[in-house]
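**Student:** What follows is work_30.txt, made up of compact mmCIF, C-alpha atoms and all ligand atoms:
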# COMPACT_ATOMS: atom_id res chain seq x y z
CA MET A 111 -23.73 16.21 17.06
CA SER A 112 -26.45 13.64 17.37
CA LYS A 113 -27.14 10.93 14.85
CA THR A 114 -30.26 12.58 13.43
CA ASP A 115 -28.28 15.73 12.59
CA HIS A 116 -26.76 13.96 9.62
CA ASN A 117 -29.78 12.35 7.98
CA HIS A 118 -30.12 15.13 5.41
CA LEU A 119 -26.81 14.01 3.88
CA HIS A 120 -27.94 10.47 3.10
CA ALA A 121 -30.26 10.93 0.13
CA PRO A 122 -28.07 13.34 -1.87
CA LEU A 123 -24.88 11.33 -1.43
CA LEU A 124 -26.47 7.92 -1.99
CA GLY A 125 -28.26 9.29 -5.06
CA TRP A 126 -25.00 10.64 -6.43
CA PHE A 127 -23.29 7.31 -5.72
CA ALA A 128 -25.99 5.41 -7.64
CA ARG A 129 -25.29 7.60 -10.67
CA HIS A 130 -21.55 8.17 -10.45
CA GLY A 131 -20.01 5.51 -8.17
CA ARG A 132 -16.94 3.76 -9.58
CA GLU A 133 -17.50 0.38 -11.15
CA LEU A 134 -14.85 -1.85 -9.67
CA PRO A 135 -14.67 -5.62 -10.17
CA TRP A 136 -14.74 -6.41 -6.44
CA ARG A 137 -17.88 -4.30 -6.11
CA THR A 138 -19.88 -6.07 -8.81
CA ASP A 139 -19.03 -9.37 -7.11
CA PRO A 140 -18.31 -8.48 -3.45
CA GLU A 141 -16.99 -11.89 -2.52
CA PRO A 142 -14.92 -11.48 0.70
CA TYR A 143 -11.65 -12.81 -0.72
CA ARG A 144 -11.80 -10.40 -3.68
CA VAL A 145 -12.75 -7.45 -1.47
CA TRP A 146 -10.07 -8.24 1.09
CA LEU A 147 -7.44 -8.56 -1.65
CA SER A 148 -8.48 -5.21 -3.11
CA GLU A 149 -8.33 -3.50 0.27
CA ILE A 150 -4.86 -4.82 1.07
CA ILE A 151 -3.48 -4.00 -2.37
CA MET A 152 -5.03 -0.52 -2.52
CA GLN A 153 -3.66 0.59 0.87
CA GLN A 154 -1.09 3.29 0.06
CA THR A 155 -1.69 2.64 -3.66
CA ARG A 156 -3.83 4.39 -6.26
CA ILE A 157 -6.57 2.23 -7.76
CA SER A 158 -5.20 2.93 -11.25
CA GLN A 159 -1.89 1.34 -10.23
CA GLY A 160 -3.25 -1.36 -7.94
CA MET A 161 -5.88 -2.70 -10.34
CA ALA A 162 -3.36 -4.59 -12.48
CA TYR A 163 -1.93 -6.19 -9.33
CA TRP A 164 -5.40 -7.17 -8.12
CA GLN A 165 -6.15 -8.77 -11.49
CA ARG A 166 -2.85 -10.66 -11.49
CA PHE A 167 -3.47 -11.97 -7.96
CA VAL A 168 -7.02 -13.10 -8.75
CA ALA A 169 -5.81 -14.76 -11.95
CA ALA A 170 -2.96 -16.55 -10.15
CA TRP A 171 -4.96 -17.49 -7.05
CA PRO A 172 -8.73 -17.26 -7.66
CA THR A 173 -9.62 -18.36 -4.14
CA VAL A 174 -8.23 -17.79 -0.68
CA ASP A 175 -7.37 -21.50 -0.46
CA ARG A 176 -5.25 -21.24 -3.59
CA LEU A 177 -3.44 -18.20 -2.20
CA ALA A 178 -2.88 -20.06 1.07
CA GLY A 179 -1.20 -22.87 -0.86
CA ALA A 180 1.08 -20.53 -2.86
CA ASP A 181 4.81 -20.32 -2.34
CA GLU A 182 5.76 -17.17 -0.38
CA GLN A 183 8.38 -16.22 -2.94
CA GLN A 184 5.76 -16.35 -5.69
CA VAL A 185 3.52 -14.04 -3.66
CA MET A 186 6.39 -11.62 -3.08
CA ARG A 187 7.28 -11.67 -6.76
CA LEU A 188 3.75 -10.80 -7.84
CA TRP A 189 3.72 -8.04 -5.24
CA GLN A 190 6.99 -6.61 -6.53
CA GLY A 191 6.74 -2.87 -7.20
CA LEU A 192 3.87 -2.19 -4.81
CA GLY A 193 6.17 -1.50 -1.85
CA TYR A 194 5.27 -2.00 1.82
CA TYR A 195 6.17 -5.66 1.51
CA SER A 196 4.95 -6.53 4.99
CA ARG A 197 1.47 -6.27 3.46
CA ALA A 198 2.24 -9.17 1.11
CA ARG A 199 3.64 -11.29 3.92
CA ASN A 200 0.58 -10.60 6.09
CA LEU A 201 -1.72 -11.31 3.16
CA HIS A 202 -0.18 -14.73 2.75
CA ARG A 203 -0.23 -15.45 6.49
CA ALA A 204 -3.88 -14.38 6.71
CA ALA A 205 -4.80 -16.56 3.71
CA LYS A 206 -3.34 -19.58 5.50
CA LEU A 207 -5.33 -18.77 8.63
CA ILE A 208 -8.58 -18.32 6.69
CA ALA A 209 -7.99 -21.57 4.81
CA ALA A 210 -7.47 -23.32 8.14
CA MET A 211 -10.72 -21.79 9.48
CA GLY A 212 -12.61 -23.26 6.53
CA ALA A 213 -14.42 -20.00 5.61
CA PHE A 214 -13.83 -16.27 5.50
CA PRO A 215 -14.67 -14.68 8.88
CA GLN A 216 -17.96 -12.79 8.68
CA THR A 217 -17.94 -10.15 11.41
CA TYR A 218 -15.85 -7.04 12.07
CA ALA A 219 -14.67 -8.52 15.38
CA GLU A 220 -13.35 -11.66 13.66
CA ILE A 221 -11.98 -9.99 10.51
CA ILE A 222 -9.89 -7.48 12.47
CA ARG A 223 -7.99 -10.34 14.09
CA LEU A 224 -6.43 -11.32 10.74
CA PRO A 225 -2.79 -10.29 10.21
CA GLY A 226 -2.45 -7.03 8.30
CA VAL A 227 -6.09 -6.04 8.84
CA GLY A 228 -6.77 -2.82 10.73
CA PRO A 229 -10.01 -1.03 11.58
CA TYR A 230 -10.37 0.44 8.09
CA THR A 231 -10.01 -2.86 6.21
CA ALA A 232 -12.15 -4.78 8.70
CA ALA A 233 -14.92 -2.17 8.41
CA ALA A 234 -14.72 -2.22 4.62
CA ILE A 235 -15.02 -6.02 4.39
CA ALA A 236 -17.68 -6.30 7.13
CA SER A 237 -19.87 -3.64 5.52
CA LEU A 238 -19.32 -4.44 1.83
CA CYS A 239 -19.54 -8.22 2.10
CA PHE A 240 -21.75 -8.81 5.11
CA GLY A 241 -23.78 -5.58 5.45
CA GLU A 242 -22.52 -4.90 8.97
CA ALA A 243 -23.02 -1.27 10.08
CA GLN A 244 -19.33 -0.37 10.35
CA ALA A 245 -18.02 2.97 9.11
CA VAL A 246 -14.78 3.09 7.16
CA VAL A 247 -12.38 5.93 7.86
CA ASP A 248 -9.68 6.29 5.23
CA GLY A 249 -7.91 9.34 3.82
CA ASN A 250 -10.89 10.16 1.61
CA VAL A 251 -13.30 10.05 4.54
CA TYR A 252 -11.02 12.23 6.69
CA ARG A 253 -10.92 14.78 3.92
CA VAL A 254 -14.65 14.85 3.20
CA LEU A 255 -15.68 15.03 6.86
CA SER A 256 -13.06 17.61 7.80
CA ARG A 257 -14.32 19.88 5.03
CA LEU A 258 -18.01 19.20 5.45
CA TYR A 259 -17.85 20.22 9.11
CA ALA A 260 -14.78 22.54 8.92
CA ILE A 261 -13.03 20.50 11.59
CA ALA A 262 -9.81 22.09 12.85
CA THR A 263 -8.67 19.16 15.01
CA PRO A 264 -5.57 17.63 13.37
CA ILE A 265 -6.26 14.18 11.91
CA ASP A 266 -2.84 12.89 13.00
CA THR A 267 -3.60 13.15 16.72
CA THR A 268 -5.31 10.65 19.02
CA GLN A 269 -8.03 13.19 19.69
CA GLY A 270 -8.57 13.78 15.97
CA GLN A 271 -8.69 10.11 15.15
CA ARG A 272 -11.32 9.51 17.85
CA LEU A 273 -13.37 12.50 16.70
CA PHE A 274 -13.41 11.38 13.05
CA ARG A 275 -14.08 7.76 13.94
CA ASP A 276 -17.07 8.78 16.09
CA LEU A 277 -18.38 11.19 13.47
CA ALA A 278 -18.07 8.60 10.69
CA ARG A 279 -19.98 6.14 12.86
CA ASP A 280 -22.73 8.65 13.71
CA ILE A 281 -23.20 9.73 10.13
CA LEU A 282 -23.51 6.15 8.78
CA PRO A 283 -27.02 5.02 7.76
CA PRO A 284 -26.97 1.55 9.36
CA ASP A 285 -29.15 -0.08 6.72
CA ARG A 286 -27.01 1.24 3.83
CA ALA A 287 -23.53 0.80 5.29
CA ALA A 288 -21.97 -0.73 2.17
CA ASP A 289 -23.25 1.94 -0.24
CA TRP A 290 -22.57 4.75 2.19
CA ASN A 291 -18.97 3.74 2.82
CA GLN A 292 -18.28 3.39 -0.88
CA ALA A 293 -20.04 6.68 -1.60
CA MET A 294 -17.90 8.56 0.92
CA MET A 295 -14.72 7.07 -0.50
CA ASP A 296 -15.76 7.79 -4.08
CA LEU A 297 -16.71 11.36 -3.25
CA GLY A 298 -13.27 11.88 -1.71
CA ALA A 299 -11.50 10.24 -4.64
CA MET A 300 -13.49 11.85 -7.46
CA VAL A 301 -14.95 15.17 -6.26
CA CYS A 302 -13.60 16.23 -2.86
CA THR A 303 -10.03 15.72 -4.00
CA PRO A 304 -6.94 16.95 -2.11
CA ARG A 305 -6.29 19.69 -4.71
CA ASN A 306 -8.92 21.53 -6.78
CA PRO A 307 -12.02 19.85 -5.36
CA GLN A 308 -14.99 20.03 -7.70
CA CYS A 309 -17.26 21.74 -5.17
CA GLY A 310 -19.68 22.91 -7.88
CA GLU A 311 -20.38 19.25 -8.76
CA CYS A 312 -20.58 18.05 -5.17
CA PRO A 313 -23.92 16.61 -4.03
CA LEU A 314 -23.25 17.87 -0.51
CA ASN A 315 -22.15 21.41 -1.30
CA VAL A 316 -25.26 23.07 0.18
CA TYR A 317 -24.39 21.46 3.53
CA CYS A 318 -20.64 21.99 3.37
CA ALA A 319 -19.10 24.37 5.92
CA VAL A 320 -16.07 25.30 3.82
CA TYR A 321 -17.79 25.63 0.44
CA PRO A 322 -19.05 29.21 0.85
CA ASP A 323 -15.60 30.67 1.52
CA GLY A 324 -13.64 28.32 -0.76
CA THR A 325 -11.29 27.11 1.97
CA ALA A 326 -11.57 23.38 1.22
CA GLU A 327 -7.83 23.00 0.69
CA ASN A 328 -7.12 24.11 4.26
CA HIS A 329 -8.63 20.80 5.39
CA PRO A 330 -7.88 18.30 6.73
CA VAL A 331 -5.53 19.86 9.26
CA LYS A 332 -2.36 17.95 10.08
CA GLN A 333 -0.15 18.50 13.10
CA GLY A 334 3.17 17.66 11.56
CA LYS A 335 4.75 15.83 8.73
CA VAL A 336 6.65 12.58 9.31
CA LYS A 337 10.36 13.20 9.42
CA GLN A 338 12.12 11.16 6.75
CA ARG A 339 15.47 9.55 7.46
CA GLU A 340 18.05 9.67 4.67
CA ARG A 341 20.14 6.56 3.94
CA ARG A 342 22.87 5.85 1.37
CA PHE A 343 23.16 2.43 -0.24
CA ILE A 344 25.87 1.17 -2.57
CA TYR A 345 24.96 -1.89 -4.62
CA LEU A 346 27.38 -4.11 -6.50
CA TRP A 347 26.08 -6.49 -9.13
CA VAL A 348 28.76 -9.15 -8.79
CA GLU A 349 28.72 -11.56 -11.70
CA CYS A 350 30.85 -14.66 -12.01
CA GLY A 351 30.47 -17.67 -14.29
CA GLY A 352 26.91 -16.77 -15.35
CA CYS A 353 25.72 -16.22 -11.79
CA VAL A 354 25.11 -13.16 -9.64
CA ALA A 355 25.43 -12.90 -5.86
CA LEU A 356 22.11 -12.20 -4.13
CA ARG A 357 21.02 -12.31 -0.54
CA ARG A 358 17.67 -12.26 1.17
CA ARG A 359 17.18 -9.14 3.25
CA PRO A 360 16.91 -9.86 6.95
CA GLY A 361 14.09 -8.77 9.25
CA GLY A 362 14.03 -5.56 11.24
CA ASP A 363 14.54 -3.27 8.25
CA ILE A 364 12.85 -2.28 5.01
CA TRP A 365 12.16 -4.92 2.35
CA GLN A 366 12.35 -7.87 4.71
CA GLY A 367 12.42 -11.11 2.72
CA LEU A 368 13.19 -9.50 -0.65
CA TRP A 369 16.46 -10.21 -2.46
CA GLU A 370 19.27 -7.85 -3.35
CA PRO A 371 22.77 -7.89 -4.84
CA TYR A 372 25.86 -7.16 -2.72
CA MET A 373 25.09 -4.07 -0.68
CA MET A 374 26.94 -1.65 1.57
CA GLU A 375 25.25 1.06 3.59
CA VAL A 376 27.19 4.27 4.10
CA THR A 377 26.62 5.84 7.48
CA GLY A 378 26.90 9.54 8.27
CA CYS A 379 28.03 11.72 5.40
CA GLY A 380 31.14 9.66 4.60
CA THR A 381 31.93 7.67 1.49
CA ALA A 382 32.63 3.97 1.27
CA ALA A 383 35.55 2.32 -0.46
CA LEU A 384 34.61 -0.63 -2.63
CA PRO A 385 35.98 -3.99 -1.46
CA PRO A 386 39.36 -5.03 -2.95
CA TRP A 387 37.78 -7.84 -5.01
CA ALA A 388 35.61 -5.21 -6.76
CA GLU A 389 38.57 -3.74 -8.63
CA GLY A 390 37.45 -2.68 -12.10
CA ALA A 391 33.83 -2.22 -11.04
CA VAL A 392 31.89 0.00 -13.42
CA LEU A 393 29.63 2.70 -12.01
CA LEU A 394 26.20 2.34 -13.62
CA ARG A 395 24.21 4.92 -11.67
CA SER A 396 24.95 7.41 -8.96
CA GLY A 397 22.68 8.99 -6.35
CA MET A 398 19.42 7.46 -7.54
CA LYS A 399 16.72 8.69 -5.19
CA HIS A 400 14.00 6.39 -3.89
CA VAL A 401 11.39 7.72 -1.49
CA LEU A 402 9.67 5.48 1.05
CA SER A 403 7.15 6.63 3.66
CA HIS A 404 9.73 7.28 6.40
CA GLN A 405 13.01 7.07 4.52
CA VAL A 406 14.72 8.62 1.53
CA LEU A 407 17.26 6.30 -0.06
CA LEU A 408 20.13 7.46 -2.25
CA ALA A 409 21.76 4.62 -4.11
CA ASP A 410 24.78 4.01 -6.31
CA ALA A 411 25.00 0.96 -8.55
CA TYR A 412 28.17 -0.77 -9.74
CA ARG A 413 28.67 -3.84 -11.86
CA VAL A 414 31.68 -6.06 -11.55
CA GLU A 415 32.58 -9.19 -13.44
CA ALA A 416 34.85 -11.44 -11.38
CA ASP A 417 37.07 -14.29 -12.65
CA ARG A 418 36.72 -16.12 -9.35
CA ARG A 419 33.91 -15.96 -6.86
CA PRO A 420 34.93 -13.51 -4.14
CA THR A 421 34.38 -14.55 -0.55
CA LEU A 422 31.15 -12.88 0.50
CA PRO A 423 29.26 -13.01 3.78
CA GLY A 424 27.41 -16.29 4.29
CA ASP A 425 23.95 -14.97 3.48
CA TYR A 426 24.79 -14.37 -0.20
CA ARG A 427 24.09 -17.11 -2.69
CA TRP A 428 25.05 -17.45 -6.35
CA VAL A 429 21.98 -17.31 -8.56
CA PRO A 430 22.08 -18.17 -12.29
CA LEU A 431 21.37 -15.01 -14.29
CA ASN A 432 18.43 -16.61 -16.09
CA GLU A 433 16.77 -17.30 -12.73
CA VAL A 434 17.03 -13.80 -11.27
CA ASP A 435 13.49 -12.94 -12.32
CA ARG A 436 12.20 -15.64 -9.98
CA TYR A 437 13.49 -13.64 -7.04
CA GLY A 438 11.54 -10.74 -5.58
CA LEU A 439 13.78 -7.67 -5.82
CA PRO A 440 12.96 -4.19 -4.45
CA ARG A 441 11.83 -1.70 -7.07
CA LEU A 442 14.94 0.40 -6.44
CA VAL A 443 17.23 -2.52 -7.31
CA GLN A 444 15.23 -3.24 -10.45
CA LYS A 445 15.62 0.36 -11.57
CA LEU A 446 19.30 0.61 -10.67
CA PHE A 447 20.17 -2.42 -12.75
CA ALA A 448 17.57 -1.82 -15.46
CA LEU A 449 15.71 -5.04 -14.64
CA THR A 450 12.40 -3.32 -15.28
CA ASP A 451 10.94 -1.38 -18.21
CA THR A 452 9.22 1.22 -16.03
S1 LIG B 1 -18.44 21.13 -1.27
FE1 LIG B 1 -16.33 20.84 -1.86
S2 LIG B 1 -15.20 20.77 0.04
FE2 LIG B 1 -17.36 20.45 0.56
S3 LIG B 1 -17.60 18.25 0.60
FE3 LIG B 1 -18.14 18.93 -1.43
S4 LIG B 1 -16.26 18.80 -2.65
FE4 LIG B 1 -15.70 18.66 -0.49
Translate the structure described by the file into structure tokens.
Ligand code: SF4

**Tutor:**
Amino acid sequence: MSKTDHNHLHAPLLGWFARHGRELPWRTDPEPYRVWLSEIIMQQTRISQGMAYWQRFVAAWPTVDRLAGADEQQVMRLWQGLGYYSRARNLHRAAKLIAAMGAFPQTYAEIIRLPGVGPYTAAAIASLCFGEAQAVVDGNVYRVLSRLYAIATPIDTTQGQRLFRDLARDILPPDRAADWNQAMMDLGAMVCTPRNPQCGECPLNVYCAVYPDGTAENHPVKQGKVKQRERRFIYLWVECGGCVALRRRPGGDIWQGLWEPYMMEVTGCGTAALPPWAEGAVLLRSGMKHVLSHQVLLADAYRVEADRRPTLPGDYRWVPLNEVDRYGLPRLVQKLFALTDT
């Protein structure tokens, strides 16, 4: 497919975008810090959920310099509940780098070197903020393109990723990169949705290969689903003298840098005996399921009130109960111990 083959798509989609595009605060003022923040927060997160986080971040740290100067624990705490915590750590690291540079990098080639920024985010910032002709390829774009051209190549293969990246680049009107990228994403989010796409309302339906036979939901094609590993966690909320034992999770596993109460992981399909000092522990919840991208966690929660502080491994510290909310805790722990309303 040559570049000119796609020109007929530009006017209808850009016209639709001008009428129906989503009004988002980082679009009305596409300042790079605000756009970057939105892109990092919205990865793996619906806009309806991520918006409140974006607003809280902008309110707490209105500029990249302010974010760079923030305490990492504060950043993690504000991120709490969004999951994928490495994103928050990279966000903070990148803010420090940008602050040291003195200005936000302005080209795709520079932006992609920031921690936590991949091709999608770099293309979004470079096109939205600096008008660079870079095509974004996110889940929405995969879906729209795969349907528009009835592409059978699985999107989760190297070949598929190259094909979609090249097609997205060829289809992009270079002088309207920002609007085009946003239009493609909005079409995927609002009209060409994963289930029940609104093909009758679609500005591209006369050009769409799957519209005539109603097979939109067969696209995009995926080779295979990610296999999820199941893990069993037992948490003990150990309270003594108005304090609770918490530890910071180490690296090399989920939730690196977040805090958690005493925890035991059960391997295989066995059960775990509680430690002797936990005699009298009360079971609060059993088998609570928590699904991550590659893991399914099943967790039990106990509470125990000890007269004397038991001897725990060295990485636990005793935190006054009225200070627990200053510590970033995984969503699962918050739910297990009813530390959250949602
Ligand atoms: S006609 Fe339907 S399937 Fe085709 S691009 Fe539009 S919404 Fe998607």

**Student:** Using all atoms listed in the file for the distances, tell me which of A:Ser237, A:Ser256, A:Ser158, A:Ser403 is nearest to Leu282 of chain A.

**Tutor:** A:Ser237

**Student:** Name the residues in contact with Gln165 of chain A at a cut-off of 12 Å, using all atoms listed in the file, excluding same-chain residues fewer than 6 positions from it; report them as a list in words.

**Tutor:** Leu134, Pro135, Trp136, Arg144, Leu147, Ser148, Ile151, Ile157, Ser158, Gln159, Trp171, Pro172, Leu188 and Trp189 of chain A

**Student:** If we count only C-alpha atoms and set the cut-off at 10 Å, which residues sit around Gln154 of chain A, ignoring sequence neighbours fewer than 4 positions away in its own chain? Please answer as number ranges by chain.

**Tutor:** A: 149-150, 160, 192-194, 249, 403

**Student:** Please check which protein, DNA or RNA residues sit within 8 Å of ligand LIG 1 (chain B), counting all atoms listed in the file, and write them as JSON, numbers by chain.

**Tutor:** {"A": [253, 254, 255, 257, 258, 297, 298, 301, 302, 303, 307, 308, 309, 310, 311, 312, 313, 314, 315, 316, 317, 318, 319, 320, 321, 324, 325, 326, 327]}

**Student:** Hey, which of A:Met295, A:Leu368, A:Ala383, A:Ala236 ends up closest to Arg187 of chain A? Count all atoms listed in the file.

**Tutor:** A:Leu368

**Student:** Write out as an mmCIF file with C-alpha atoms, keeping the file's coordinate frame which residues come within 12 Å of Gly270 of chain A when counting all atoms listed in the file, dropping same-chain ones fewer than 6 positions away.

**Tutor:**
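Dumped everything to result-v6.cif:
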data_model
loop_
_atom_site.group_PDB
_atom_site.id
_atom_site.type_symbol
_atom_site.label_atom_id
_atom_site.label_comp_id
_atom_site.auth_asym_id
_atom_site.auth_seq_id
_atom_site.Cartn_x
_atom_site.Cartn_y
_atom_site.Cartn_z
ATOM 1 C CA VAL A 247 -12.380 5.930 7.860
ATOM 2 C CA TYR A 252 -11.020 12.230 6.690
ATOM 3 C CA LEU A 255 -15.680 15.030 6.860
ATOM 4 C CA SER A 256 -13.060 17.610 7.800
ATOM 5 C CA ILE A 261 -13.030 20.500 11.590
ATOM 6 C CA ALA A 262 -9.810 22.090 12.850
ATOM 7 C CA THR A 263 -8.670 19.160 15.010
ATOM 8 C CA PRO A 264 -5.570 17.630 13.370
ATOM 9 C CA ASP A 276 -17.070 8.780 16.090
ATOM 10 C CA LEU A 277 -18.380 11.190 13.470
ATOM 11 C CA PRO A 330 -7.880 18.300 6.730
ATOM 12 C CA VAL A 331 -5.530 19.860 9.260
ATOM 13 C CA LYS A 332 -2.360 17.950 10.080
ATOM 14 C CA GLN A 333 -0.150 18.500 13.100
#

**Student:** Can you tell me, as a PyMOL selection string, which residues sit within 12 Å of (24.8, -13.9, -16.7) in the file's frame, using only C-alpha atoms?

**Tutor:** chain A and resi 347-355+413-416+428-434

**Student:** So which one's closest to Arg339 of chain A, A:His400, A:Arg156, A:Arg286, A:Arg132? Using only C-alpha atoms, please.

**Tutor:**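 Comparing A:His400, A:Arg156, A:Arg286, A:Arg132 against Arg339 of chain A, the winner is A:His400.
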
**Student:** Write out as a VMD selection string the residues lying within 8 Å of His202 of chain A, counting all atoms listed in the file and excluding same-chain residues fewer than 2 positions away.

**Tutor:** chain A and resid 177 to 178 182 185 198 to 200 204 to 206

**Student:** A:Trp146, A:Met300, A:His120, A:Thr267: which is nearest Ile222 of chain A, counting all atoms listed in the file?

**Tutor:**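 Result for the nearest residue to Ile222 of chain A: A:Trp146.
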
**Student:** Which of these residues is nearest to Val246 of chain A, using all atoms listed in the file: A:His329, A:Arg357, A:Arg275, A:Lys445?

**Tutor:**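 Using all atoms listed in the file, Val246 of chain A sits closest to A:Arg275.
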
**Student:** Would you mind reading off the distance between atom CA of Ala448 of chain A and atom CA of Lys399 of chain A, one decimal, in Å?

**Tutor:** 14.7 Å
